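Reading through the structure tokens given below for one structure.
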Amino acid sequence: MYCALAWSAGAFGVLVPAAIIGYLVWHGLAAVTWEFLFSVPRGSSLDGTGGIWPAIKGSLALAGLGLAFALPFGIGGGIYLAEFNRSAAVERVARFCVESLAAVPGLVYSMFGYALLVVAFQFKISLIAGAVTLGFVMLPLILIGTHEALRAVDPALREAAHALGVSHAYLLRRVAWPIAWPAVATAIVLAAVHALGAAAPLLYTAATVFTKEPLGLFKPVMALPTHLYFVTSEIGARPYAFGTALVLAVLIVMVSVVVLALKRRREV
Amino acid sequence: MDLAVPSLASAQRASPADHALEARGLTVCYHGTPRLRDVSATFSRHCITAILGPSGCGKSTLLRALNRTLELVPGASVAAGTVLLDGTDAYDDGVSPGWVRTHVGMLQQKPTPFPMSILDNVLFGARYHGLAGGPDHARRQLERVGLWDEVKDRLHLSALALSGGQQQRLCLARTLAVLPSIVLMDEPCSALDPRATAVIEDLVRELARDFTIVIVTHNVAQARRIADRCLFMQEGEIIAAGSREDMLLEPRHPAVRDFVTGAIG
């Protein structure tokens with residue numbers, strides 16, 4: 001009975017993403033051509049012709065820059081909490097705040113990014129404002145992942161290293177971090193994938209419906225999820241929209257696979 | 001309250017004044033609750049001192065206090081007393097924990113190889129302290145624990161592939177590589193099979209020629225096989241101390257007698 005439940009739950013977990021990808025492939029694959037991938041949308045409105053290259057570029061730039069912003073704070077904060085903070089109260093409060101941050105809806109991030117970055121810092125609706133907002137989205141996921149990964153390192157190993165009279169930094173660099181790294185990498189991938197697929201945080205901070213200009217830090221950008229949102233509202237569920245969704249899904253799977261492969265190489 | 005009166009047998013090997021390590025009135029608290037109460041003990045140079053006692057009696061706490069790894073345990077602190085290391089106050093403000101830990105090495109209950117090569121494991125602490133003068137240093141430590149012939153062809157392979165007994169000897173080599181004068185062992189054989197245990201026990205006896213050894217065990221037979229002297233702990237106090245003969249063959253203290261004969265433990 002338990003076995004059957006577990007199997008059906010597992011099968012469900014595998015079938016749902018497989019079905020989504022299959023559905024997207026079925027409806028969208030025909031639209032995905034070389035031209036679709038690497039050219040700009042044609043016409044001045046979203047009529048479902050032309051390509052999505054600016055949105056692909058924009059998404060990668062947003063996620064990449066956002067990661068560059070979130071990594072130092074996320075990993076640094078996680079390391080501090082797990083390794084250098086000695087106060088249980090600080091740890092509890094910090095974890096509570098970070099976990100709350102992780103639960104904030106995307107649109108609220110977007111509002112916050114708009115008020116802080118777009119208006120107060122006068123970044124305008126721009127790549128940098130969107131990237132930093134995505135950074136806020138990724139930060140708690142990376143921080144929690146790093147903290148948990150380091151906490152999971154066997155305390156006996158820590159004690160053994162300390163008993164050799166080495167500094168805590170040496171212990172961290174030579175023992176704890178190499179053990180924790182695969183789990184940290186997984187957290188980073190999950191955060192990046194989450195950010196790649198997030199439309200809401202970009203709506204008020206970075207996204208534009210259409211641009212032909214090259215990427216610029218202080219210029220509005222197109223992104224895949226927002227492009228999908230705009231296009232689908234305009235033309236409905238047509239092959240062009242499914243193709244866009246398929247590209248987004250494949251991009252996310254690719255990022256996961258690349259980092260998982262890197263991780264496996266580290267483990268050997 | 002110095003209960004550690006050496007018997008004739010151990011007096012021949014070490015005079016009472018020749019203490020490598022001494023706990024003096026040590027009281028240790030966890031979150032304010034005393035775990036060790038006014039513990040005084042001496043550990044003679046080149047002697048194997050076994051610390052016996054039921055689980056939770058404070059044996060491991062005493063070991064941690066002796067090499068100052070206790071302060072890494074959240075909530076633990078030395079409330080009173082001190083540890084003398086060759087006459088130096090190990091808890092003096094001018095003494096760094098790192099210095100104490102290199103002089104008082106520790107071998108843990110379970111083997112704790114780090115996820116790196118065998119060679120890197122042996123030299124882990126030695127490199128940090130600038131003691132790893134060339135490959136000979138690692139070789140000497142591995143020979144000393146009888147592991148060299150078993151691993152000399154795979155020094156650069158992961159230490160995690162070794163057997164449990166080999167891993168424990170590797171950890172011992174790693175401890176010896178930072179050149180301690182005292183080695184503490186916290187039930188070092190409890191995770192090993194009888195054959196690997198015998199190898200470690202032989203090794204401990206051999207190491208006593210060069211090192212002062214303190215070994216925690218709740219295995220009376222093991223203490224009988226290797227110890228020169230014994231301390232018996234109960235509920236955070238040392239309730240009896242003496243030579244192996246006094247303590248394990250004809251124990252006078254009733255609690256010790258019960259423990260040794262297997263009535264409790």
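Residues in the structure tokens are named by chain (A, B, ... in the order shown) and by number from 1 within that chain; ligands are numbered from 1 in the order shown.
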Identify every residue of chain B that has at least one atom within 8 Å of any atom of chain A, counting only C-alpha atoms, and report the result as a PyMOL selection string. chain B and resi 67+69+97-102+105-108+112-115+125+128-129+175+178
All strand (DSSP E or B) positions in region 39-209 of chain B, as a PDB file with N, CA and C atoms, in the first residue's frame:
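That gives us selection-v7.pdb:
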```
ATOM      1  N   VAL B  39      37.409  18.207  39.023  1.00  0.00           N
ATOM      2  CA  VAL B  39      38.178  17.038  38.613  1.00  0.00           C
ATOM      3  C   VAL B  39      39.673  17.354  38.663  1.00  0.00           C
ATOM      4  N   SER B  40      40.399  16.564  39.421  1.00  0.00           N
ATOM      5  CA  SER B  40      41.850  16.692  39.437  1.00  0.00           C
ATOM      6  C   SER B  40      42.453  15.348  39.057  1.00  0.00           C
ATOM      7  N   ALA B  41      43.419  15.385  38.184  1.00  0.00           N
ATOM      8  CA  ALA B  41      44.068  14.141  37.769  1.00  0.00           C
ATOM      9  C   ALA B  41      45.422  14.475  37.190  1.00  0.00           C
ATOM     10  N   THR B  42      46.349  13.546  37.305  1.00  0.00           N
ATOM     11  CA  THR B  42      47.650  13.744  36.673  1.00  0.00           C
ATOM     12  C   THR B  42      47.874  12.627  35.669  1.00  0.00           C
ATOM     13  N   PHE B  43      48.580  12.980  34.611  1.00  0.00           N
ATOM     14  CA  PHE B  43      48.864  12.013  33.556  1.00  0.00           C
ATOM     15  C   PHE B  43      50.381  11.964  33.380  1.00  0.00           C
ATOM     16  N   SER B  44      50.952  10.829  33.764  1.00  0.00           N
ATOM     17  CA  SER B  44      52.407  10.727  33.778  1.00  0.00           C
ATOM     18  C   SER B  44      52.955  10.546  32.370  1.00  0.00           C
ATOM     19  N   ILE B  48      50.220   5.086  29.663  1.00  0.00           N
ATOM     20  CA  ILE B  48      48.888   5.020  29.059  1.00  0.00           C
ATOM     21  C   ILE B  48      47.888   5.077  30.204  1.00  0.00           C
ATOM     22  N   THR B  49      47.117   6.160  30.245  1.00  0.00           N
ATOM     23  CA  THR B  49      46.100   6.292  31.281  1.00  0.00           C
ATOM     24  C   THR B  49      44.745   6.043  30.644  1.00  0.00           C
ATOM     25  N   ALA B  50      44.024   5.072  31.194  1.00  0.00           N
ATOM     26  CA  ALA B  50      42.684   4.807  30.681  1.00  0.00           C
ATOM     27  C   ALA B  50      41.673   5.515  31.559  1.00  0.00           C
ATOM     28  N   ILE B  51      40.696   6.170  30.931  1.00  0.00           N
ATOM     29  CA  ILE B  51      39.588   6.764  31.675  1.00  0.00           C
ATOM     30  C   ILE B  51      38.373   5.880  31.449  1.00  0.00           C
ATOM     31  N   LEU B  52      37.888   5.303  32.535  1.00  0.00           N
ATOM     32  CA  LEU B  52      36.753   4.385  32.454  1.00  0.00           C
ATOM     33  C   LEU B  52      35.535   5.013  33.108  1.00  0.00           C
ATOM     34  N   ALA B  76      29.366  25.308  26.217  1.00  0.00           N
ATOM     35  CA  ALA B  76      30.280  24.671  27.160  1.00  0.00           C
ATOM     36  C   ALA B  76      31.349  25.661  27.601  1.00  0.00           C
ATOM     37  N   SER B  77      31.703  25.599  28.877  1.00  0.00           N
ATOM     38  CA  SER B  77      32.778  26.474  29.338  1.00  0.00           C
ATOM     39  C   SER B  77      33.428  25.889  30.582  1.00  0.00           C
ATOM     40  N   VAL B  78      34.701  26.241  30.777  1.00  0.00           N
ATOM     41  CA  VAL B  78      35.405  25.842  31.986  1.00  0.00           C
ATOM     42  C   VAL B  78      35.075  26.865  33.053  1.00  0.00           C
ATOM     43  N   ALA B  79      34.365  26.427  34.101  1.00  0.00           N
ATOM     44  CA  ALA B  79      33.901  27.364  35.121  1.00  0.00           C
ATOM     45  C   ALA B  79      34.950  27.576  36.200  1.00  0.00           C
ATOM     46  N   ALA B  80      35.764  26.539  36.450  1.00  0.00           N
ATOM     47  CA  ALA B  80      36.786  26.671  37.482  1.00  0.00           C
ATOM     48  C   ALA B  80      37.896  25.676  37.199  1.00  0.00           C
ATOM     49  N   GLY B  81      39.052  25.957  37.795  1.00  0.00           N
ATOM     50  CA  GLY B  81      40.175  25.053  37.635  1.00  0.00           C
ATOM     51  C   GLY B  81      40.899  25.277  36.323  1.00  0.00           C
ATOM     52  N   THR B  82      41.926  24.461  36.088  1.00  0.00           N
ATOM     53  CA  THR B  82      42.687  24.633  34.857  1.00  0.00           C
ATOM     54  C   THR B  82      43.384  23.337  34.474  1.00  0.00           C
ATOM     55  N   VAL B  83      44.074  23.406  33.363  1.00  0.00           N
ATOM     56  CA  VAL B  83      44.845  22.268  32.873  1.00  0.00           C
ATOM     57  C   VAL B  83      46.296  22.717  32.759  1.00  0.00           C
ATOM     58  N   LEU B  84      47.192  21.924  33.303  1.00  0.00           N
ATOM     59  CA  LEU B  84      48.608  22.244  33.192  1.00  0.00           C
ATOM     60  C   LEU B  84      49.244  21.313  32.170  1.00  0.00           C
ATOM     61  N   LEU B  85      49.915  21.939  31.238  1.00  0.00           N
ATOM     62  CA  LEU B  85      50.543  21.202  30.148  1.00  0.00           C
ATOM     63  C   LEU B  85      52.046  21.399  30.300  1.00  0.00           C
ATOM     64  N   THR B  88      52.680  24.412  32.136  1.00  0.00           N
ATOM     65  CA  THR B  88      52.133  25.660  31.613  1.00  0.00           C
ATOM     66  C   THR B  88      50.610  25.634  31.723  1.00  0.00           C
ATOM     67  N   ASP B  89      50.055  26.739  32.184  1.00  0.00           N
ATOM     68  CA  ASP B  89      48.605  26.831  32.290  1.00  0.00           C
ATOM     69  C   ASP B  89      47.989  26.929  30.896  1.00  0.00           C
ATOM     70  N   VAL B 104      48.518  18.719  22.421  1.00  0.00           N
ATOM     71  CA  VAL B 104      47.668  17.658  22.943  1.00  0.00           C
ATOM     72  C   VAL B 104      46.786  17.185  21.800  1.00  0.00           C
ATOM     73  N   GLY B 105      47.236  16.174  21.068  1.00  0.00           N
ATOM     74  CA  GLY B 105      46.492  15.683  19.915  1.00  0.00           C
ATOM     75  C   GLY B 105      45.281  14.881  20.347  1.00  0.00           C
ATOM     76  N   MET B 106      44.351  14.706  19.426  1.00  0.00           N
ATOM     77  CA  MET B 106      43.116  13.990  19.767  1.00  0.00           C
ATOM     78  C   MET B 106      42.728  13.035  18.638  1.00  0.00           C
ATOM     79  N   LEU B 107      42.430  11.803  19.013  1.00  0.00           N
ATOM     80  CA  LEU B 107      41.916  10.825  18.053  1.00  0.00           C
ATOM     81  C   LEU B 107      40.475  10.545  18.448  1.00  0.00           C
ATOM     82  N   SER B 117      43.034  13.430  -0.549  1.00  0.00           N
ATOM     83  CA  SER B 117      43.918  12.277  -0.726  1.00  0.00           C
ATOM     84  C   SER B 117      44.525  11.853   0.618  1.00  0.00           C
ATOM     85  N   SER B 158      41.889   8.958  -2.835  1.00  0.00           N
ATOM     86  CA  SER B 158      41.046   9.425  -1.733  1.00  0.00           C
ATOM     87  C   SER B 158      41.198   8.553  -0.493  1.00  0.00           C
ATOM     88  N   ILE B 182      51.384  14.705  23.677  1.00  0.00           N
ATOM     89  CA  ILE B 182      50.334  13.953  24.356  1.00  0.00           C
ATOM     90  C   ILE B 182      49.267  13.605  23.322  1.00  0.00           C
ATOM     91  N   VAL B 183      48.743  12.387  23.369  1.00  0.00           N
ATOM     92  CA  VAL B 183      47.665  12.020  22.447  1.00  0.00           C
ATOM     93  C   VAL B 183      46.472  11.538  23.266  1.00  0.00           C
ATOM     94  N   LEU B 184      45.343  12.202  23.043  1.00  0.00           N
ATOM     95  CA  LEU B 184      44.101  11.795  23.683  1.00  0.00           C
ATOM     96  C   LEU B 184      43.316  10.930  22.701  1.00  0.00           C
ATOM     97  N   MET B 185      42.699   9.874  23.210  1.00  0.00           N
ATOM     98  CA  MET B 185      41.920   9.012  22.321  1.00  0.00           C
ATOM     99  C   MET B 185      40.561   8.780  22.952  1.00  0.00           C
ATOM    100  N   ASP B 186      39.514   9.072  22.169  1.00  0.00           N
ATOM    101  CA  ASP B 186      38.149   8.959  22.684  1.00  0.00           C
ATOM    102  C   ASP B 186      37.507   7.685  22.139  1.00  0.00           C
TER     103      ASP B 186
END
```
Between A:Ile20, A:Ala185, A:Ala94, A:Cys3, which residue has the minimum interatomic distance to Val250 (chain A), considering only C-alpha atoms?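 Closest candidate: A:Ile20.
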Step one, run DSSP on the backbone; step two, keep only residues of region 17-256 of chain A assigned to helix (DSSP H, G or I); then write them as a ChimeraX atom specification. /A:17-31,34-38,53-84,88-102,106-120,127-151,155-162,168-196,200-203,224-235,239-256
Using only C-alpha atoms, which protein or nucleic acid residues come within 10 Å of Ile125 (chain A)? Drop anything in the same chain fewer than 6 positions from it, and give the result as a list in words.
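The neighbour list is Gly113, Tyr114, Leu117, Val118, Val119, Leu202, Leu203, Tyr204, Thr205, Ala206, Ala207, Thr208, Phe218, Lys219, Pro220 and Val221 of chain A.
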Resulting file, chosen residues, N, CA and C atoms, as an mmCIF file, in the first residue's frame:
```
data_model
loop_
_atom_site.group_PDB
_atom_site.id
_atom_site.type_symbol
_atom_site.label_atom_id
_atom_site.label_comp_id
_atom_site.auth_asym_id
_atom_site.auth_seq_id
_atom_site.Cartn_x
_atom_site.Cartn_y
_atom_site.Cartn_z
ATOM 1 N N GLY A 113 11.428 46.811 -6.122
ATOM 2 C CA GLY A 113 12.487 47.183 -7.055
ATOM 3 C C GLY A 113 12.149 48.494 -7.758
ATOM 4 N N TYR A 114 10.882 48.640 -8.102
ATOM 5 C CA TYR A 114 10.452 49.875 -8.778
ATOM 6 C C TYR A 114 10.666 51.079 -7.865
ATOM 7 N N LEU A 117 14.855 51.035 -6.840
ATOM 8 C CA LEU A 117 15.872 51.130 -7.887
ATOM 9 C C LEU A 117 15.454 52.075 -9.007
ATOM 10 N N VAL A 118 14.233 51.877 -9.482
ATOM 11 C CA VAL A 118 13.799 52.645 -10.645
ATOM 12 C C VAL A 118 13.573 54.114 -10.271
ATOM 13 N N VAL A 119 12.906 54.320 -9.131
ATOM 14 C CA VAL A 119 12.558 55.691 -8.756
ATOM 15 C C VAL A 119 13.629 56.330 -7.866
ATOM 16 N N LEU A 202 10.148 41.397 -13.017
ATOM 17 C CA LEU A 202 10.678 42.258 -14.070
ATOM 18 C C LEU A 202 9.651 43.259 -14.575
ATOM 19 N N LEU A 203 8.383 43.017 -14.254
ATOM 20 C CA LEU A 203 7.324 43.794 -14.905
ATOM 21 C C LEU A 203 7.503 45.294 -14.704
ATOM 22 N N TYR A 204 7.784 45.712 -13.456
ATOM 23 C CA TYR A 204 7.890 47.146 -13.195
ATOM 24 C C TYR A 204 9.336 47.629 -13.169
ATOM 25 N N THR A 205 10.283 46.723 -13.370
ATOM 26 C CA THR A 205 11.671 47.126 -13.166
ATOM 27 C C THR A 205 12.501 47.118 -14.442
ATOM 28 N N ALA A 206 12.216 46.203 -15.361
ATOM 29 C CA ALA A 206 13.134 46.045 -16.480
ATOM 30 C C ALA A 206 12.443 45.824 -17.814
ATOM 31 N N ALA A 207 11.265 45.204 -17.767
ATOM 32 C CA ALA A 207 10.735 44.634 -18.999
ATOM 33 C C ALA A 207 10.146 45.687 -19.925
ATOM 34 N N THR A 208 10.398 45.460 -21.189
ATOM 35 C CA THR A 208 9.749 46.265 -22.200
ATOM 36 C C THR A 208 9.101 45.321 -23.202
ATOM 37 N N PHE A 218 21.482 50.494 -18.564
ATOM 38 C CA PHE A 218 20.435 51.409 -18.134
ATOM 39 C C PHE A 218 19.321 51.538 -19.163
ATOM 40 N N LYS A 219 19.198 50.510 -20.005
ATOM 41 C CA LYS A 219 18.111 50.510 -20.987
ATOM 42 C C LYS A 219 17.131 49.394 -20.637
ATOM 43 N N PRO A 220 15.868 49.587 -20.969
ATOM 44 C CA PRO A 220 14.895 48.506 -20.759
ATOM 45 C C PRO A 220 15.276 47.304 -21.608
ATOM 46 N N VAL A 221 14.917 46.112 -21.135
ATOM 47 C CA VAL A 221 15.243 44.895 -21.898
ATOM 48 C C VAL A 221 13.979 44.067 -22.105
#
```
